[in-house]
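Structure data (compact mmCIF, C-alpha atoms) from target_25.txt:
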# COMPACT_ATOMS: atom_id res chain seq x y z
CA MET A 1 86.90 -72.01 76.21
CA ASN A 2 90.53 -72.59 77.12
CA ASN A 3 91.69 -71.14 73.83
CA ALA A 4 89.77 -67.98 74.53
CA LEU A 5 91.59 -67.63 77.82
CA ARG A 6 95.00 -67.99 76.23
CA ILE A 7 96.18 -64.56 75.33
CA THR A 8 99.42 -64.43 73.46
CA ALA A 9 102.12 -62.02 74.47
CA PHE A 10 101.40 -60.08 71.29
CA ALA A 11 97.84 -59.47 72.43
CA ALA A 12 99.02 -58.69 75.92
CA ALA A 13 101.52 -56.16 74.63
CA LEU A 14 98.82 -54.62 72.42
CA ALA A 15 96.49 -54.34 75.39
CA ALA A 16 99.26 -52.72 77.41
CA THR A 17 99.69 -50.17 74.63
CA PHE A 18 96.05 -49.05 74.72
CA GLY A 19 95.21 -49.65 78.35
CA THR A 20 96.58 -49.00 81.80
CA ALA A 21 99.05 -51.47 83.20
CA TYR A 22 97.38 -53.47 85.91
CA GLY A 23 100.43 -53.37 88.13
CA VAL A 24 101.32 -55.64 90.99
CA GLY A 25 104.54 -56.86 92.43
CA ARG A 26 106.08 -59.58 94.37
CA GLY A 27 109.78 -59.60 95.16
CA VAL A 28 111.75 -61.82 92.80
CA ASP A 29 115.39 -62.73 93.29
CA PRO A 30 117.26 -60.92 90.53
CA LEU A 31 119.51 -62.74 88.10
CA VAL A 32 123.10 -61.54 88.18
CA ALA A 33 125.58 -61.79 85.30
CA ALA A 34 129.03 -63.26 85.74
CA GLU A 35 131.00 -60.06 85.20
CA ASP A 36 131.45 -58.16 88.48
CA ARG A 37 134.67 -56.17 88.51
CA PRO A 38 135.24 -53.57 91.27
CA ALA A 39 133.15 -50.44 90.99
CA GLN A 40 134.67 -47.13 90.09
CA GLN A 41 133.80 -44.07 92.12
CA HIS A 42 130.87 -42.93 90.02
CA GLY A 43 127.95 -41.21 91.66
CA GLY A 44 125.57 -43.59 90.00
CA HIS A 45 123.03 -44.16 87.32
CA GLY A 46 121.00 -41.29 86.01
CA GLY A 47 118.66 -39.79 88.52
CA GLY A 48 121.09 -39.91 91.43
CA GLU A 49 120.90 -36.64 93.31
CA GLU A 50 124.10 -36.81 95.34
CA GLY A 51 127.14 -36.95 93.13
CA GLY A 52 125.31 -38.89 90.45
CA ALA A 53 125.94 -38.58 86.75
CA LYS A 54 123.77 -35.86 85.27
CA PRO A 55 121.45 -36.60 82.37
CA ALA A 56 122.63 -35.22 79.05
CA ALA A 57 119.73 -32.77 79.04
CA ASP A 58 116.32 -32.18 80.53
CA HIS A 59 114.03 -34.90 79.24
CA ALA A 60 111.09 -37.11 80.11
CA PRO A 61 111.43 -39.76 82.84
CA GLY A 62 113.78 -42.57 81.89
CA GLY A 63 112.75 -45.59 79.88
CA LEU A 64 109.86 -44.03 77.99
CA GLN A 65 111.86 -43.60 74.79
CA ILE A 66 113.72 -46.10 72.64
CA SER A 67 115.99 -43.34 71.27
CA GLU A 68 117.49 -40.32 72.99
CA GLY A 69 120.60 -38.17 72.84
CA GLY A 70 121.76 -39.77 69.60
CA TYR A 71 121.52 -43.34 70.92
CA THR A 72 118.99 -46.10 70.20
CA LEU A 73 118.22 -49.36 71.97
CA ASP A 74 118.04 -52.15 69.37
CA LEU A 75 116.32 -55.17 70.93
CA ALA A 76 117.18 -58.16 68.74
CA THR A 77 114.99 -60.53 70.80
CA PRO A 78 111.56 -58.86 70.97
CA THR A 79 109.68 -62.10 71.80
CA VAL A 80 110.37 -65.00 74.18
CA ARG A 81 108.25 -67.84 75.56
CA ALA A 82 107.10 -68.04 79.17
CA GLY A 83 108.79 -70.73 81.24
CA ALA A 84 111.62 -71.30 78.79
CA ARG A 85 115.21 -70.23 79.46
CA THR A 86 116.05 -67.83 76.66
CA GLU A 87 118.93 -65.55 75.72
CA ILE A 88 117.96 -61.94 75.19
CA ARG A 89 120.23 -60.05 72.79
CA PHE A 90 120.38 -56.33 72.15
CA ALA A 91 122.70 -53.47 71.26
CA VAL A 92 122.95 -49.73 71.77
CA LYS A 93 123.54 -47.90 68.49
CA ASP A 94 124.79 -44.37 67.92
CA ASP A 95 123.29 -41.87 65.49
CA SER A 96 125.37 -43.41 62.69
CA GLY A 97 123.88 -46.85 63.30
CA ARG A 98 127.09 -48.27 64.77
CA LYS A 99 126.98 -50.48 67.86
CA VAL A 100 128.44 -48.75 70.91
CA THR A 101 131.42 -50.61 72.36
CA ALA A 102 132.77 -48.11 74.93
CA TYR A 103 130.93 -47.26 78.14
CA GLN A 104 131.66 -45.65 81.47
CA ARG A 105 131.49 -48.09 84.39
CA GLU A 106 128.92 -47.29 87.08
CA HIS A 107 128.64 -49.44 90.17
CA GLY A 108 131.02 -51.93 88.63
CA LYS A 109 129.08 -52.39 85.39
CA GLU A 110 129.05 -50.81 81.96
CA LEU A 111 125.30 -51.30 81.62
CA HIS A 112 122.40 -52.18 83.92
CA PHE A 113 119.49 -54.02 82.31
CA ILE A 114 116.11 -53.88 84.05
CA LEU A 115 113.19 -56.02 82.96
CA ALA A 116 109.63 -55.73 84.29
CA SER A 117 106.19 -56.92 83.26
CA THR A 118 103.67 -54.21 82.46
CA ASP A 119 101.47 -55.44 85.32
CA LEU A 120 104.56 -55.21 87.58
CA THR A 121 104.35 -58.81 88.82
CA GLN A 122 107.77 -59.68 87.41
CA TYR A 123 111.05 -57.83 87.86
CA ARG A 124 114.67 -58.57 87.06
CA HIS A 125 117.86 -56.52 87.50
CA LEU A 126 120.30 -58.10 85.06
CA HIS A 127 123.90 -57.50 84.04
CA PRO A 128 124.40 -58.82 80.51
CA VAL A 129 127.71 -59.64 78.87
CA ARG A 130 128.98 -57.50 75.97
CA ALA A 131 130.67 -59.08 72.95
CA ALA A 132 133.50 -57.28 71.20
CA ASP A 133 131.15 -56.07 68.44
CA GLY A 134 128.86 -54.31 70.96
CA THR A 135 126.14 -56.98 71.15
CA TRP A 136 124.85 -57.57 74.68
CA SER A 137 123.32 -60.88 75.81
CA THR A 138 121.81 -62.29 78.99
CA PRO A 139 119.90 -65.47 79.84
CA VAL A 140 116.42 -65.06 81.29
CA ASP A 141 113.62 -67.37 82.38
CA LEU A 142 110.28 -65.57 82.76
CA PRO A 143 107.50 -67.65 84.31
CA GLU A 144 104.61 -65.38 83.38
CA ALA A 145 103.35 -64.40 79.92
CA GLY A 146 102.35 -60.88 78.95
CA GLY A 147 103.76 -57.56 77.92
CA TYR A 148 107.11 -56.52 79.39
CA ARG A 149 109.36 -53.47 79.26
CA VAL A 150 113.16 -53.62 79.20
CA PHE A 151 115.42 -50.75 80.26
CA ALA A 152 119.08 -50.22 79.36
CA ASP A 153 120.71 -47.86 81.89
CA PHE A 154 124.18 -46.71 80.76
CA THR A 155 126.57 -43.85 80.08
CA PRO A 156 128.50 -43.89 76.77
CA ALA A 157 132.21 -43.21 77.02
CA ALA A 158 131.97 -40.62 74.25
CA ALA A 159 132.99 -37.11 75.29
CA GLY A 160 130.07 -35.10 76.59
CA ALA A 161 127.69 -38.06 76.82
CA GLY A 162 125.43 -38.23 79.85
CA ASN A 163 123.60 -41.07 81.54
CA LEU A 164 120.69 -42.50 79.54
CA THR A 165 117.92 -44.98 80.17
CA LEU A 166 116.36 -46.33 76.98
CA GLY A 167 113.35 -48.63 76.93
CA ALA A 168 111.79 -51.17 74.54
CA ASP A 169 108.84 -53.56 74.60
CA LEU A 170 109.30 -57.30 75.07
CA ALA A 171 106.50 -59.83 74.44
CA VAL A 172 106.39 -63.09 76.42
CA SER A 173 104.06 -65.65 74.86
CA GLY A 174 101.78 -67.96 76.82
CA ALA A 175 98.60 -67.81 78.89
CA TYR A 176 98.27 -64.32 80.34
CA ARG A 177 96.27 -63.45 83.45
CA PRO A 178 96.94 -59.95 84.79
CA ALA A 179 96.97 -59.42 88.55
CA ALA A 180 95.86 -56.46 90.64
CA LEU A 181 98.35 -53.98 92.05
CA PRO A 182 98.92 -54.64 95.77
CA ALA A 183 97.69 -51.99 98.16
CA PRO A 184 100.21 -49.36 99.28
CA GLY A 185 102.19 -50.40 102.33
CA THR A 186 105.34 -49.74 104.29
CA THR A 187 106.61 -53.29 104.87
CA ALA A 188 107.60 -56.17 102.60
CA GLU A 189 108.59 -59.77 103.34
CA VAL A 190 111.09 -61.78 101.29
CA ASP A 191 112.86 -65.04 102.26
CA GLY A 192 112.29 -64.44 105.96
CA TYR A 193 113.52 -60.85 105.84
CA ARG A 194 111.32 -57.91 106.72
CA VAL A 195 112.00 -54.59 105.00
CA ALA A 196 110.37 -51.43 106.35
CA LEU A 197 109.96 -48.34 104.19
CA GLY A 198 110.04 -44.86 105.72
CA GLY A 199 110.58 -41.29 104.61
CA GLU A 200 108.62 -38.93 102.44
CA LEU A 201 108.74 -38.01 98.78
CA ARG A 202 106.58 -35.75 96.65
CA ALA A 203 106.24 -35.05 92.98
CA GLY A 204 108.78 -32.52 91.75
CA ARG A 205 110.52 -32.26 95.11
CA SER A 206 113.50 -34.22 96.42
CA GLY A 207 113.04 -36.32 99.50
CA GLU A 208 114.62 -39.16 101.40
CA LEU A 209 113.52 -42.78 101.48
CA LYS A 210 114.77 -45.00 104.30
CA LEU A 211 114.62 -48.79 104.07
CA SER A 212 115.44 -50.92 107.10
CA VAL A 213 116.16 -54.66 106.91
CA SER A 214 115.50 -57.09 109.76
CA ARG A 215 115.24 -60.86 110.22
CA ASN A 216 113.61 -62.79 113.07
CA GLY A 217 112.80 -59.49 114.72
CA ARG A 218 116.43 -58.35 114.79
CA PRO A 219 118.03 -55.60 112.68
CA VAL A 220 120.41 -56.82 109.99
CA THR A 221 123.60 -54.83 110.57
CA ASP A 222 125.93 -56.72 108.23
CA LEU A 223 124.48 -56.14 104.77
CA GLN A 224 127.02 -56.93 102.07
CA PRO A 225 128.00 -54.60 99.22
CA TYR A 226 126.20 -55.39 96.00
CA LEU A 227 127.64 -53.64 92.95
CA GLY A 228 129.50 -51.28 95.24
CA ALA A 229 126.56 -50.24 97.43
CA TYR A 230 124.50 -51.63 100.31
CA GLY A 231 121.26 -51.35 98.38
CA HIS A 232 119.83 -50.61 94.95
CA LEU A 233 116.34 -49.26 94.46
CA VAL A 234 114.31 -49.20 91.26
CA ALA A 235 110.93 -47.52 90.99
CA LEU A 236 108.51 -47.87 88.09
CA ARG A 237 105.39 -45.75 87.62
CA SER A 238 102.24 -47.80 87.17
CA GLY A 239 100.67 -47.28 83.76
CA ASP A 240 103.64 -46.26 81.61
CA LEU A 241 106.55 -47.75 83.62
CA ALA A 242 108.47 -44.47 83.77
CA TYR A 243 111.81 -45.31 85.35
CA LEU A 244 114.10 -43.57 87.82
CA HIS A 245 117.39 -44.90 89.15
CA VAL A 246 119.17 -43.23 92.07
CA HIS A 247 121.93 -44.33 94.40
CA PRO A 248 122.08 -44.69 98.17
CA ASN A 249 123.34 -41.96 100.43
CA GLU A 250 126.48 -42.62 102.44
CA GLY A 251 125.99 -45.09 105.26
CA GLY A 252 127.07 -48.31 106.86
CA PRO A 253 126.09 -51.94 106.27
CA GLY A 254 122.61 -51.68 107.73
CA PRO A 255 120.10 -52.05 109.02
CA GLU A 256 119.05 -48.85 107.22
CA VAL A 257 119.81 -47.77 103.67
CA SER A 258 118.66 -44.32 102.56
CA PHE A 259 118.09 -42.83 99.11
CA THR A 260 117.45 -39.30 97.87
CA ALA A 261 115.18 -38.99 94.85
CA THR A 262 112.39 -36.99 93.22
CA ALA A 263 109.16 -38.30 91.76
CA PRO A 264 108.52 -36.93 88.25
CA SER A 265 104.77 -36.80 88.87
CA ALA A 266 101.97 -37.80 91.19
CA GLY A 267 100.82 -41.38 90.79
CA THR A 268 101.27 -44.95 91.95
CA TYR A 269 104.68 -46.59 91.83
CA ARG A 270 106.19 -49.98 92.47
CA LEU A 271 109.55 -49.92 94.29
CA PHE A 272 112.05 -52.78 94.10
CA LEU A 273 114.92 -52.86 96.62
CA ASP A 274 117.87 -55.17 95.92
CA PHE A 275 119.97 -56.00 98.98
CA LYS A 276 122.61 -58.64 99.67
CA HIS A 277 123.04 -60.68 102.83
CA GLU A 278 124.85 -63.95 103.49
CA GLY A 279 125.99 -64.10 99.88
CA LYS A 280 122.55 -63.85 98.24
CA VAL A 281 120.79 -60.93 96.58
CA ARG A 282 117.11 -60.53 97.42
CA THR A 283 114.45 -58.12 96.21
CA ALA A 284 111.77 -56.52 98.37
CA ALA A 285 108.87 -54.80 96.61
CA PHE A 286 106.49 -52.02 97.70
CA THR A 287 103.54 -50.17 96.22
CA VAL A 288 103.57 -46.45 97.04
CA ARG A 289 101.59 -43.39 96.04
CA VAL A 290 102.88 -39.90 95.37
CA ALA A 291 100.59 -36.95 96.06
CA GLU A 292 100.03 -34.03 93.73
CA PRO A 293 102.47 -31.14 94.32
CA GLY A 294 101.17 -28.93 97.10
CA ASN A 295 99.11 -31.69 98.69
CA ASP A 296 99.58 -31.33 102.44
CA ASP A 297 99.29 -35.05 103.10
CA GLY A 298 102.86 -35.43 101.84
CA GLY A 299 101.92 -38.43 99.77
CA HIS A 300 100.88 -40.61 102.72
CA GLN A 301 97.83 -42.48 101.55
CA GLU A 302 96.32 -45.72 102.75
CA GLY A 303 99.30 -46.34 104.98
CA GLY A 304 101.78 -45.87 102.14
CA THR A 305 104.77 -43.59 101.88
CA GLY A 306 104.94 -41.04 99.10
CA ALA A 307 107.80 -42.20 96.87
CA PRO A 308 109.51 -41.56 93.55
CA ALA A 309 109.57 -43.24 90.24
CA GLY A 310 112.74 -44.86 89.31
CA HIS A 311 115.77 -46.93 89.99
CA ALA A 312 117.44 -45.80 93.14
CA HIS A 313 120.89 -47.15 93.65
What do you get writing this file as structure tokens?
Amino acid sequence: MNNALRITAFAAALAATFGTAYGVGRGVDPLVAAEDRPAQQHGGHGGGEEGGAKPAADHAPGGLQISEGGYTLDLATPTVRAGARTEIRFAVKDDSGRKVTAYQREHGKELHFILASTDLTQYRHLHPVRAADGTWSTPVDLPEAGGYRVFADFTPAAAGAGNLTLGADLAVSGAYRPAALPAPGTTAEVDGYRVALGGELRAGRSGELKLSVSRNGRPVTDLQPYLGAYGHLVALRSGDLAYLHVHPNEGGPGPEVSFTATAPSAGTYRLFLDFKHEGKVRTAAFTVRVAEPGNDDGGHQEGGTGAPAGHAH
């Protein structure tokens, strides 16, 4: 019956809690907030290995906890409806319950807000607007129902504070039909662009990822800066959506953008590369597998490239 096929986002989120995320991805143009002041010279979001801001302390991969280091992500909009433009509101609170109003700027923003479905078919890299009282808000229109995870990636301005990524569950109501995770591969197509993934990464060991952009068979050599860099890469681990965000190594405007990062564990990951060309930001997505430490295949499986979890800027 049709009603039996309609799974509410609550049920989808519950299933995601007790089961493995199905995982799949197709590149989706990210939504970008209005605020875009020049970037300061920060190394980047947590996880960056070259000049990046260090985490406050050793901890689990980003995004798995709603509270860490004395800060809590308070998601005031835990449920939205599929296909309806909605405003998501949230705040970061300190250990006294006060909303945080002072942040360090990284890549031109005080806070990066990542949103992904638990089956990894939907992805957004958002930049919400902060009100004077510390409440953040951003419009979003999600076409697919199901369980989602949101990630707030930020560094408080408080003395001694390090970069944090806090996560919370978001339910999107409507008919939910999970999709299968695409097979690992080294190329992705988006809006007529072809992005090739190279390099090698292993669990617990730093490595370099190289992404090359071309169009109509020709290398794109005039990528435009987006948030102060020529590319931003987010990786999410299939199953629990563990998050890592690193920044690009030094380089020119294409066709290649490289990143240095470390996978927190073996497993399957979905990578999302944001790049800007001719005034528009596009997202290319890849499925990759990371081998167990000590595996001599270097993580190359089924044509894929071993790669990290996380958000690589």
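A straight line drawn from CA of Thr79 in chain A to CA of His125 in chain A is 18.6 Å long.
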* Asked: Of the candidates A:Gly254, A:Pro139, A:Gly228, A:Gly146, which shows the shortest atom-to-atom distance to Val195 in chain A, using all atoms listed in the file?
  ->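 For Val195 in chain A, the nearest of the given residues is A:Gly254.
CA of Phe90 in chain A sits 4.4 Å away from CA of Leu75 in chain A.
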Thr268 in chain A proximity check over A:Ala291, A:Gly198, A:Thr283, A:His247, using only C-alpha atoms: winner is A:Ala291
As a check of understanding: the span from CA of Ala183 in chain A to CA of Leu273 in chain A is 17.3 Å
With distances taken over all atoms listed in the file, the candidate from A:Leu111, A:Tyr269, A:Pro78, A:Glu292 nearest Leu164 in chain A is A:Leu111
Practice problem: Find the spatial neighbours of Ala188 in chain A, counting only C-alpha atoms, within a cut-off of 8 Å - ignore same-chain residues fewer than 2 positions away - and output them as a ChimeraX atom specification. | Solution: /A:185-186,190,194-196,284-286
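Considering the residues A:Ala158, A:Leu166, A:Ala263, A:Leu223 and counting all atoms listed in the file, Lys280 in chain A has its shortest atom-to-atom contact with A:Leu223.
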- prompt: Of the residues A:Thr287, A:Thr155, A:Gln65, A:Thr121, which is the one nearest to Ala235 in chain A, using only C-alpha atoms?
  reply: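 Nearest to Ala235 in chain A: A:Thr287.
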